[in-house]
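Chemist: Got upload_31.txt for you, compact mmCIF, C-alpha atoms:
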```
# COMPACT_ATOMS: atom_id res chain seq x y z
CA MET A 1 0.00 0.00 0.00
CA GLY A 2 1.45 3.37 -0.98
CA LEU A 3 1.85 6.24 1.48
CA LYS A 4 -0.75 8.97 0.87
CA MET A 5 -0.26 12.54 2.09
CA ASN A 6 -2.60 15.50 1.68
CA LEU A 7 -1.33 18.90 0.59
CA PRO A 8 -0.82 20.35 4.12
CA THR A 9 1.16 17.26 5.12
CA ILE A 10 3.34 17.50 2.01
CA ALA A 11 3.97 21.19 2.68
CA LEU A 12 5.02 20.46 6.28
CA PHE A 13 7.29 17.64 5.11
CA LEU A 14 9.02 19.92 2.58
CA LEU A 15 9.38 22.67 5.19
CA LEU A 16 11.04 20.31 7.66
CA ALA A 17 13.35 18.96 4.96
CA ALA A 18 14.36 22.49 3.96
CA ALA A 19 14.99 23.45 7.57
CA SER A 20 17.18 20.38 8.04
CA ALA A 21 19.18 21.18 4.90
CA ALA A 22 19.55 24.83 5.90
CA GLY A 23 21.15 23.95 9.23
CA ALA A 24 21.86 26.69 11.74
CA ASN A 25 24.07 29.64 12.65
CA ILE A 26 25.89 29.00 15.91
CA ASN A 27 27.32 32.05 17.67
CA ILE A 28 30.13 31.14 20.06
CA ARG A 29 28.86 33.70 22.56
CA LYS A 30 26.03 31.28 23.29
CA TYR A 31 28.76 28.95 24.57
CA GLY A 32 30.15 31.55 26.94
CA ALA A 33 32.79 33.15 24.71
CA GLN A 34 33.60 36.76 25.57
CA VAL A 35 35.70 39.47 23.96
CA ASN A 36 39.31 39.68 25.23
CA SER A 37 39.11 36.20 26.71
CA ASP A 38 40.19 32.67 25.81
CA ILE A 39 37.53 31.20 23.52
CA THR A 40 39.19 27.81 22.99
CA PRO A 41 36.68 25.72 25.02
CA ALA A 42 33.64 27.57 23.62
CA LEU A 43 34.77 27.34 20.02
CA THR A 44 35.67 23.67 20.35
CA LYS A 45 32.22 22.83 21.73
CA ALA A 46 30.43 24.93 19.09
CA TRP A 47 32.35 23.18 16.32
CA LYS A 48 31.51 19.71 17.65
CA ASP A 49 27.82 20.55 17.83
CA ALA A 50 27.79 22.03 14.33
CA CYS A 51 29.75 19.11 12.90
CA GLN A 52 27.29 16.57 14.29
CA THR A 53 24.21 18.41 13.01
CA PRO A 54 22.88 17.52 9.53
CA GLY A 55 22.58 20.27 6.93
CA THR A 56 24.71 23.35 6.36
CA ASN A 57 25.88 24.82 9.66
CA THR A 58 27.86 27.97 10.38
CA VAL A 59 29.92 28.68 13.49
CA VAL A 60 30.27 32.45 13.96
CA ILE A 61 33.02 34.29 15.82
CA PRO A 62 31.68 37.86 16.12
CA LYS A 63 33.74 41.02 15.78
CA GLY A 64 36.13 41.64 18.63
CA THR A 65 39.52 40.41 19.80
CA TYR A 66 39.85 36.94 21.31
CA ARG A 67 42.58 34.61 22.53
CA LEU A 68 42.71 31.17 20.96
CA GLY A 69 44.89 28.25 21.98
CA ALA A 70 46.01 25.37 19.77
CA VAL A 71 42.87 23.70 18.38
CA GLN A 72 41.94 20.85 16.05
CA PHE A 73 38.67 20.94 14.14
CA MET A 74 37.98 17.35 13.20
CA GLY A 75 35.67 15.77 10.66
CA PRO A 76 33.98 14.03 9.13
CA CYS A 77 30.86 16.15 9.66
CA LYS A 78 27.24 15.33 8.90
CA GLY A 79 26.91 18.22 6.44
CA HIS A 80 28.68 21.24 5.04
CA ILE A 81 30.25 23.31 7.79
CA GLU A 82 31.45 26.91 7.76
CA LEU A 83 33.59 28.81 10.25
CA GLN A 84 33.02 32.56 10.01
CA VAL A 85 35.78 34.51 11.71
CA ARG A 86 34.69 38.14 11.90
CA GLY A 87 37.02 39.14 14.72
CA ILE A 88 40.74 38.96 15.53
CA LEU A 89 42.14 35.73 16.97
CA LEU A 90 45.39 35.94 18.95
CA ALA A 91 47.70 32.94 19.33
CA PRO A 92 49.78 32.28 22.44
CA GLY A 93 53.14 34.00 22.13
CA ASP A 94 55.21 31.33 23.87
CA ARG A 95 56.59 28.71 21.46
CA GLY A 96 56.63 26.15 24.27
CA TYR A 97 52.81 26.18 24.36
CA PHE A 98 52.49 24.30 21.06
CA LYS A 99 52.88 20.52 21.02
CA SER A 100 51.19 19.42 17.77
CA GLY A 101 53.08 21.55 15.24
CA SER A 102 50.14 23.79 14.40
CA TRP A 103 47.98 26.52 15.87
CA VAL A 104 44.66 25.94 14.07
CA ASN A 105 44.23 22.57 12.35
CA PHE A 106 41.31 21.45 10.16
CA GLN A 107 41.20 17.72 9.43
CA ARG A 108 39.21 15.26 7.30
CA ILE A 109 36.28 17.46 6.31
CA ASP A 110 34.28 17.14 3.08
CA GLY A 111 32.42 20.40 2.40
CA PHE A 112 34.08 23.22 4.35
CA THR A 113 34.23 27.03 4.23
CA LEU A 114 36.43 29.39 6.23
CA SER A 115 35.39 33.02 5.81
CA GLY A 116 34.32 36.17 7.63
CA GLY A 117 36.89 38.90 6.99
CA GLY A 118 38.71 38.21 10.27
CA THR A 119 42.38 37.85 11.20
CA PHE A 120 44.50 35.03 12.61
CA ASP A 121 47.32 36.82 14.43
CA ALA A 122 49.98 34.23 15.30
CA LYS A 123 52.22 36.76 17.11
CA GLY A 124 55.32 35.51 15.35
CA LYS A 125 57.34 38.52 16.45
CA HIS A 126 57.55 36.88 19.87
CA VAL A 127 59.77 34.08 18.50
CA TRP A 128 61.53 35.36 15.36
CA GLY A 129 64.30 36.99 17.36
CA LYS A 130 64.54 34.20 19.94
CA ARG A 131 65.08 31.16 17.77
CA SER A 132 67.52 28.69 19.24
CA CYS A 133 67.99 27.13 15.81
CA SER A 134 69.39 28.87 12.78
CA GLY A 135 71.41 28.11 9.71
CA ILE A 136 71.12 24.44 8.77
CA ARG A 137 68.95 23.50 11.74
CA TYR A 138 65.22 23.49 11.09
CA CYS A 139 62.88 24.88 13.74
CA GLY A 140 60.32 22.10 13.54
CA ASP A 141 58.78 22.93 16.90
CA LEU A 142 57.42 26.27 15.70
CA PRO A 143 53.72 25.97 14.84
CA ILE A 144 52.14 26.39 11.42
CA SER A 145 49.33 28.93 11.74
CA LEU A 146 46.59 27.30 9.63
CA ARG A 147 46.87 23.65 8.70
CA PHE A 148 44.45 21.90 6.34
CA ASP A 149 44.80 18.10 6.32
CA PHE A 150 42.69 15.94 4.00
CA ILE A 151 40.09 18.60 3.23
CA THR A 152 37.83 17.96 0.23
CA ASN A 153 35.65 20.57 -1.47
CA GLY A 154 36.82 23.53 0.57
CA LEU A 155 36.70 27.32 0.23
CA ILE A 156 38.90 29.67 2.22
CA LYS A 157 38.06 33.30 1.50
CA ASP A 158 38.28 36.80 2.97
CA ILE A 159 40.62 36.03 5.85
CA THR A 160 44.02 37.34 6.94
CA SER A 161 46.96 35.38 8.33
CA LEU A 162 49.28 37.73 10.22
CA ASP A 163 52.83 37.15 11.51
CA SER A 164 52.99 33.36 11.54
CA LYS A 165 55.65 31.74 13.68
CA GLN A 166 56.43 29.29 10.85
CA PHE A 167 54.37 28.60 7.67
CA HIS A 168 51.20 30.65 7.45
CA ILE A 169 49.10 28.03 5.64
CA ASN A 170 49.86 24.37 4.93
CA LEU A 171 47.87 21.87 2.85
CA LEU A 172 48.35 18.10 2.93
CA GLY A 173 46.22 15.52 1.15
CA CYS A 174 43.60 18.06 0.06
CA LYS A 175 41.34 17.92 -2.98
CA ASN A 176 39.36 20.69 -4.69
CA VAL A 177 40.16 23.53 -2.29
CA THR A 178 40.04 27.20 -3.33
CA PHE A 179 41.71 30.19 -1.65
CA GLN A 180 40.25 33.53 -2.68
CA HIS A 181 40.80 37.05 -1.37
CA VAL A 182 43.19 35.80 1.30
CA ASN A 183 45.80 38.14 2.81
CA VAL A 184 49.08 36.82 4.18
CA ILE A 185 51.23 39.35 6.00
CA ALA A 186 54.67 39.11 7.62
CA PRO A 187 57.82 41.24 7.25
CA ASP A 188 60.60 40.28 4.86
CA HIS A 189 62.94 39.37 7.72
CA SER A 190 60.58 36.77 9.23
CA PRO A 191 62.22 33.33 8.85
CA ASN A 192 60.56 30.31 7.22
CA THR A 193 57.18 32.01 6.99
CA ASP A 194 56.01 30.52 3.68
CA GLY A 195 52.65 31.98 2.70
CA ILE A 196 50.86 28.90 1.37
CA HIS A 197 52.57 25.50 1.13
CA ILE A 198 50.91 22.72 -0.86
CA GLY A 199 51.85 19.06 -0.52
CA ARG A 200 50.30 15.93 -2.04
CA SER A 201 47.14 17.79 -3.00
CA THR A 202 45.14 18.14 -6.21
CA GLY A 203 42.73 20.68 -7.64
CA ILE A 204 43.99 23.60 -5.53
CA LYS A 205 43.21 27.16 -6.65
CA ILE A 206 44.75 30.34 -5.22
CA ILE A 207 42.97 33.35 -6.69
CA ASP A 208 43.13 37.13 -6.13
CA THR A 209 45.30 36.77 -3.05
CA LYS A 210 47.99 39.04 -1.57
CA ILE A 211 51.04 37.52 0.09
CA ALA A 212 53.84 39.46 1.77
CA THR A 213 56.23 37.34 3.80
CA GLY A 214 59.80 36.36 4.60
CA ASP A 215 59.99 33.16 2.54
CA ASP A 216 58.19 31.69 -0.48
CA CYS A 217 54.86 33.36 -1.14
CA ILE A 218 53.62 29.99 -2.42
CA SER A 219 55.56 26.73 -2.39
CA LEU A 220 54.56 23.46 -4.04
CA GLY A 221 55.88 20.22 -2.61
CA ASP A 222 55.81 16.77 -4.14
CA GLY A 223 52.43 15.38 -5.19
CA SER A 224 51.04 18.79 -6.15
CA GLU A 225 48.72 18.24 -9.13
CA ASN A 226 46.34 20.44 -11.08
CA ILE A 227 47.26 23.71 -9.35
CA LEU A 228 45.99 27.14 -10.45
CA ILE A 229 47.62 30.32 -9.10
CA LYS A 230 45.91 33.36 -10.60
CA GLY A 231 45.84 37.04 -9.77
CA VAL A 232 48.28 36.71 -6.86
CA THR A 233 50.39 39.66 -5.69
CA CYS A 234 53.62 38.42 -4.11
CA GLY A 235 56.12 40.54 -2.24
CA PRO A 236 58.17 40.85 -0.27
CA GLY A 237 59.21 37.22 -0.23
CA HIS A 238 61.07 34.58 -2.22
CA GLY A 239 58.53 34.27 -5.04
CA ILE A 240 56.43 31.29 -6.15
CA SER A 241 58.39 28.04 -5.98
CA VAL A 242 57.97 24.49 -7.13
CA GLY A 243 60.06 22.41 -4.73
CA SER A 244 62.48 21.84 -3.43
CA LEU A 245 62.18 18.34 -4.92
CA GLY A 246 64.24 15.17 -4.73
CA LYS A 247 65.36 15.27 -1.13
CA TYR A 248 63.30 12.24 -0.10
CA LYS A 249 62.70 8.80 -1.58
CA ASN A 250 59.40 8.04 -3.37
CA GLU A 251 58.31 11.64 -3.84
CA ALA A 252 55.13 11.92 -5.90
CA PRO A 253 55.26 13.79 -9.25
CA VAL A 254 54.43 17.47 -9.55
CA VAL A 255 52.23 17.93 -12.61
CA GLY A 256 49.83 20.51 -14.00
CA VAL A 257 50.86 23.84 -12.45
CA ASN A 258 49.49 27.09 -13.91
CA VAL A 259 50.74 30.46 -12.63
CA VAL A 260 49.01 33.27 -14.53
CA ASN A 261 48.32 37.00 -14.21
CA CYS A 262 50.46 37.45 -11.10
CA THR A 263 52.58 40.39 -9.87
CA PHE A 264 55.88 40.16 -7.99
CA ILE A 265 57.17 43.17 -6.04
CA ASN A 266 60.66 43.35 -4.47
CA THR A 267 61.02 39.57 -4.29
CA GLN A 268 64.17 37.45 -4.39
CA ASN A 269 62.72 35.37 -7.20
CA GLY A 270 59.73 35.50 -9.48
CA VAL A 271 58.88 31.91 -10.43
CA ARG A 272 61.28 29.07 -9.81
CA ILE A 273 61.63 25.30 -9.90
CA LYS A 274 64.22 23.94 -7.48
CA THR A 275 65.60 20.42 -7.01
CA TRP A 276 68.38 19.03 -4.90
CA PRO A 277 71.61 17.73 -6.42
CA ASN A 278 72.46 14.12 -5.55
CA SER A 279 68.70 13.66 -5.30
CA PHE A 280 66.29 10.78 -5.38
CA ALA A 281 64.43 10.29 -8.67
CA GLY A 282 61.35 12.41 -9.37
CA THR A 283 59.48 14.36 -12.04
CA ALA A 284 58.07 17.86 -12.48
CA SER A 285 56.12 18.50 -15.68
CA ASP A 286 53.33 20.37 -17.44
CA MET A 287 53.81 23.84 -16.00
CA ARG A 288 52.76 27.19 -17.43
CA PHE A 289 54.02 30.57 -16.20
CA GLU A 290 52.22 33.27 -18.15
CA ASN A 291 51.34 36.98 -18.04
CA LEU A 292 53.57 37.87 -15.10
CA LEU A 293 54.71 41.35 -14.02
CA MET A 294 58.03 41.75 -12.21
CA LYS A 295 58.80 44.90 -10.21
CA ASN A 296 62.39 45.08 -8.93
CA VAL A 297 62.79 41.29 -8.71
CA SER A 298 66.24 39.71 -8.31
CA THR A 299 65.80 36.69 -10.63
CA SER A 300 62.49 36.59 -12.46
CA MET A 301 62.71 33.09 -13.96
CA LEU A 302 64.73 30.35 -12.30
CA ILE A 303 65.21 26.63 -12.77
CA ASP A 304 67.70 25.61 -10.10
CA GLN A 305 68.72 21.96 -10.12
CA LEU A 306 71.72 22.83 -7.97
CA TYR A 307 69.62 23.93 -4.99
CA CYS A 308 71.84 23.40 -1.98
CA PRO A 309 71.09 25.73 0.95
CA TRP A 310 73.82 26.02 3.56
CA ASN A 311 76.09 23.86 1.30
CA GLN A 312 74.96 20.71 3.07
CA CYS A 313 74.81 18.43 0.03
CA LYS A 314 76.99 16.91 -2.69
CA ALA A 315 76.51 19.59 -5.31
CA GLN A 316 78.82 17.86 -7.79
CA ILE A 317 76.41 14.91 -8.19
CA PRO A 318 73.61 15.87 -10.63
CA SER A 319 69.95 15.92 -9.69
CA LYS A 320 67.81 12.95 -10.75
CA VAL A 321 64.58 14.96 -10.94
CA LYS A 322 63.33 15.16 -14.55
CA ILE A 323 61.85 18.52 -15.58
CA SER A 324 59.80 18.70 -18.79
CA ASN A 325 57.05 20.55 -20.67
CA ILE A 326 57.54 23.99 -19.14
CA SER A 327 56.30 27.26 -20.68
CA PHE A 328 57.38 30.80 -19.78
CA LYS A 329 55.31 33.36 -21.71
CA ASN A 330 54.73 37.11 -21.59
CA ILE A 331 56.85 37.90 -18.56
CA ARG A 332 57.89 41.55 -18.28
CA GLY A 333 59.12 44.15 -15.81
CA THR A 334 62.28 45.24 -14.00
CA ALA A 335 65.08 43.45 -12.18
CA SER A 336 67.18 44.32 -9.14
CA THR A 337 70.17 42.22 -10.31
CA LYS A 338 71.58 41.39 -13.71
CA ASP A 339 70.80 37.66 -13.24
CA VAL A 340 67.36 38.07 -14.80
CA VAL A 341 66.87 34.51 -16.06
CA LYS A 342 68.72 31.39 -14.88
CA LEU A 343 67.81 27.99 -16.30
CA LEU A 344 70.27 25.66 -14.58
CA CYS A 345 69.31 22.07 -15.34
CA SER A 346 70.73 18.68 -14.40
CA LYS A 347 73.65 17.25 -16.33
CA SER A 348 72.25 13.73 -15.96
CA PHE A 349 68.68 14.72 -16.90
CA PRO A 350 68.69 17.95 -18.94
CA CYS A 351 65.39 19.85 -18.96
CA GLN A 352 63.17 18.86 -21.89
CA ASP A 353 60.54 20.74 -23.91
CA VAL A 354 60.99 24.16 -22.33
CA LYS A 355 59.42 27.06 -24.25
CA VAL A 356 60.30 30.73 -23.69
CA THR A 357 58.09 33.33 -25.41
CA ASP A 358 57.88 37.14 -25.18
CA ILE A 359 60.19 37.98 -22.28
CA ASP A 360 61.09 41.62 -21.58
CA ILE A 361 62.80 42.26 -18.24
CA ARG A 362 65.05 45.30 -17.86
CA TYR A 363 67.99 45.93 -15.55
CA SER A 364 69.62 49.34 -15.19
CA GLY A 365 72.41 48.60 -12.72
CA ARG A 366 76.02 49.60 -13.36
CA ASP A 367 77.18 45.97 -13.38
CA GLY A 368 74.85 45.14 -16.32
CA PRO A 369 73.86 44.15 -18.89
CA ALA A 370 71.09 41.74 -17.89
CA THR A 371 71.83 38.06 -18.49
CA PHE A 372 69.86 34.95 -19.47
CA GLN A 373 71.81 31.87 -18.34
CA CYS A 374 71.31 28.36 -19.75
CA VAL A 375 72.95 25.20 -18.44
CA ASN A 376 72.02 21.73 -19.73
CA ILE A 377 68.98 23.10 -21.55
CA LYS A 378 68.09 24.15 -25.10
CA PRO A 379 64.86 26.10 -24.79
CA THR A 380 62.57 26.75 -27.73
CA THR A 381 62.30 30.52 -28.07
CA SER A 382 59.97 32.88 -29.91
CA GLY A 383 58.65 36.44 -29.83
CA ARG A 384 60.42 39.42 -28.33
CA LEU A 385 63.14 38.32 -25.94
CA TYR A 386 65.19 40.52 -23.63
CA PRO A 387 67.71 39.73 -22.37
CA PRO A 388 68.77 37.53 -25.30
CA PRO A 389 68.28 33.81 -24.45
CA CYS A 390 71.32 31.87 -23.27
CA SER A 391 73.44 35.03 -23.44
CA SER A 392 75.55 33.92 -20.47
CA HIS A 393 76.92 30.45 -19.67
```
Have the structure of the file written as structure tokens, please.
Modeler:
Amino acid sequence: MGLKMNLPTIALFLLLAAASAAGANINIRKYGAQVNSDITPALTKAWKDACQTPGTNTVVIPKGTYRLGAVQFMGPCKGHIELQVRGILLAPGDRGYFKSGSWVNFQRIDGFTLSGGGTFDAKGKHVWGKRSCSGIRYCGDLPISLRFDFITNGLIKDITSLDSKQFHINLLGCKNVTFQHVNVIAPDHSPNTDGIHIGRSTGIKIIDTKIATGDDCISLGDGSENILIKGVTCGPGHGISVGSLGKYKNEAPVVGVNVVNCTFINTQNGVRIKTWPNSFAGTASDMRFENLLMKNVSTSMLIDQLYCPWNQCKAQIPSKVKISNISFKNIRGTASTKDVVKLLCSKSFPCQDVKVTDIDIRYSGRDGPATFQCVNIKPTTSGRLYPPPCSSH
């Protein structure tokens, strides 16, 4: 026997279904959070309740300044969940407070939005001048500000990451995540403060974002696939980097990277691909760097297969990372050094299928003229090219 419902019953059923799908807005003040206080317990409880409620649910942090300890926001959730940060969140200043390697960590969520126009202030100035490790030693105990682990179908928009102690934003194992209208801010002297680092993730988009920091504006580790970086303003910082690659065994390929319509201001590099000498095997392929504006950039285009910071490697043994199918097109602007373009490839695995089209980068220093270096590479060139390709060896 079929189930029969009259019109009023059907209307009520549809209304309840819509209400369930719509979810709820959850203000953390209902959980006892107050301005200028520690909201860690309240926010943690609000997140758990929202995560376990079907439908689309939004946790709201109102305008104001709050203290926030190290937190983990865990999935999976029963529906799409959004965290709206409208205020300013302050991290603990003491580096000894952090045990997990991150300040704010989002994990294993399918359907997630972080928004609100607010600021994550990591108070990095408290540790930059007090680091007990420098040079070749890596400060692994300093926390990453915002960590996204295994997020699927995510949107991070209209937020600011300020003065991270280490990386500002780190992605691992993510799929189909977009960053839009994100601001990353730290001074040029802040150490190891990469803006956005991507590792073993696919379908990542970084759009209309401003990054000023002390290290790479964006860095792509192994396993980065199908990456779009568009409309990004980078500087100060070290530019947009693929790598470094080849340091570890069984690194996943980097493939399908598009960097377009970006501006670099007072950066050490523009776009670069870097691999270690004496490396493990690996590949980096199918990359397009197009419509880029350089303003007072040291080296605008760089392939560096001799990457050896602090001279702690066997630089005489060539890299085993294969680089192929790379396009540099319509890159223009000004340089702060004469080393405008450096394509330094591996002797064992010379770069293959590299195209250079319409390059015009000017240098006016007394030690000029500008140079375009080529090592173990024969790029295909076309259009207007300045400096002349492979003009220095």
Chemist: Got a sec: who's within 12 Å of Cys217 (chain A), counting only C-alpha atoms, leaving out chain neighbours fewer than 5 positions off, as JSON, numbers by chain?
Modeler: {"A": [167, 168, 169, 170, 183, 184, 185, 186, 187, 188, 192, 193, 194, 195, 196, 197, 198, 206, 209, 210, 211, 212, 229, 232, 233, 234, 235, 236, 237, 238, 239, 240, 241, 242, 262, 263, 264, 265, 267, 268, 269, 270, 271, 272]}
Chemist: Which residues are close to Val182 (chain A), i.e. within 6 Å by only C-alpha atoms, leaving aside same-chain residues fewer than 4 positions away? Reply as a list in words.
Modeler: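 Here the qualifying residues turn out to be Lys157, Asp158, Ile159, Thr160 and Thr209 of chain A.
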Chemist: The selected residues should be written to file as a JSON list (two decimals), in the frame of the given file (atoms: C-alpha atoms).
Modeler:
```json
[["chain", "number", "residue", "atom", "x", "y", "z"],
["A", 157, "LYS", "CA", 38.06, 33.30, 1.50],
["A", 158, "ASP", "CA", 38.28, 36.80, 2.97],
["A", 159, "ILE", "CA", 40.62, 36.03, 5.85],
["A", 160, "THR", "CA", 44.02, 37.34, 6.94],
["A", 209, "THR", "CA", 45.30, 36.77, -3.05]]
```
Chemist: Write out as a ChimeraX atom specification which residues come within 6 Å of Ile359 (chain A) when counting only C-alpha atoms, dropping same-chain ones fewer than 3 positions away.
Modeler: /A:330-332,385-386
Chemist: Please work out which residues fall within 10 Å of (36.6, 29.3, 1.4), coordinates as given in the file, with only C-alpha atoms counting, and return them as a list in words.
Modeler: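 Returned residue set, sorted by chain then number, is Glu82, Leu83, Gln84, Gly111, Phe112, Thr113, Leu114, Ser115, Gly116, Asn153, Gly154, Leu155, Ile156, Lys157, Asp158, Ile159, Val177, Thr178, Phe179, Gln180, His181 and Val182 of chain A.
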Chemist: Can you tell me how far CA of Pro143 (chain A) sits from CA of Lys123 (chain A), in Å to one decimal?
Modeler: 11.1 Å
Chemist: Extract, using all atoms listed in the file, all DNA, RNA and protein residues at most 6 Å from Ser279 (chain A), discarding same-chain residues fewer than 5 positions from it, and format them as a list of chain:residue names.
Modeler: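 Counting only the stated atoms, we get A:Gly246, A:Lys247, A:Ser319, A:Lys320.
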Chemist: Take the residues that were just selected and, keeping C-alpha atoms, output them as a PDB file, in the frame of the given file.
Modeler:
```pdb
ATOM      1  CA  GLY A 246      64.240  15.170  -4.730  1.00  0.00           C
ATOM      2  CA  LYS A 247      65.360  15.270  -1.130  1.00  0.00           C
ATOM      3  CA  SER A 319      69.950  15.920  -9.690  1.00  0.00           C
ATOM      4  CA  LYS A 320      67.810  12.950 -10.750  1.00  0.00           C
TER       5      LYS A 320
END
```
Chemist: Fewer than 3 positions away in the same chain doesn't count, so skip those; otherwise give me all residues within 9 Å of Asp367 (chain A), counting all atoms listed in the file, as a ChimeraX atom specification.
Modeler: /A:337-338,364,370
Chemist: Tell me which residues come within 8 Å of (57.2, 45.4, -14.2), as a list of chain:residue names, counting all atoms listed in the file in the file's coordinates.
Modeler: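 Result, sorted by chain then residue number: A:Leu293, A:Met294, A:Lys295, A:Asn296, A:Arg332, A:Gly333, A:Thr334, A:Ile361.
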Chemist: Interatomic distance between CA of Thr40 (chain A) and CA of Tyr66 (chain A)?
Modeler: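 It comes out at 9.3 Å.
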Chemist: Which distance in Å separates CA of Thr58 (chain A) and CA of Pro92 (chain A), to one decimal?
Modeler: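 For CA of Thr58 (chain A) relative to CA of Pro92 (chain A), the distance reads 25.4 Å.
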Chemist: For each of A:Asp149, A:Asp141, A:Asp353, A:Asp208, take the minimum atom-to-atom distance to Leu228 (chain A), counting all atoms listed in the file, then give the residue where this is smallest.
Modeler: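 Of all the options, A:Asp208 lies closest to Leu228 (chain A).
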Chemist: Given the choices A:Tyr97, A:Phe106, A:Phe148, A:Phe289, which gets closest to Thr44 (chain A) if the distance is worked out from only C-alpha atoms?
Modeler: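 So, comparing all the options, the nearest one is A:Phe106.
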Chemist: Which is closer to Val356 (chain A) than all the others in A:Thr381, A:Ser164, A:Gln52, A:Asn176, using all atoms listed in the file?
Modeler: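 When distances to Val356 (chain A) are compared using all atoms listed in the file, the smallest one comes from A:Thr381.
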Chemist: Using only C-alpha atoms for the distances, tell me which of A:Arg366, A:Lys314, A:Lys78, A:Lys30 is nearest to Val60 (chain A).
Modeler: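 Ranked by minimum distance to Val60 (chain A), first place goes to A:Lys30.
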Chemist: Looking at A:Ser346, A:Ile326, A:Thr283, A:Trp310, which one is nearest to Val259 (chain A), with distances taken over all atoms listed in the file?
Modeler: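 With all atoms listed in the file as the atom set, the closest residue is A:Ile326.
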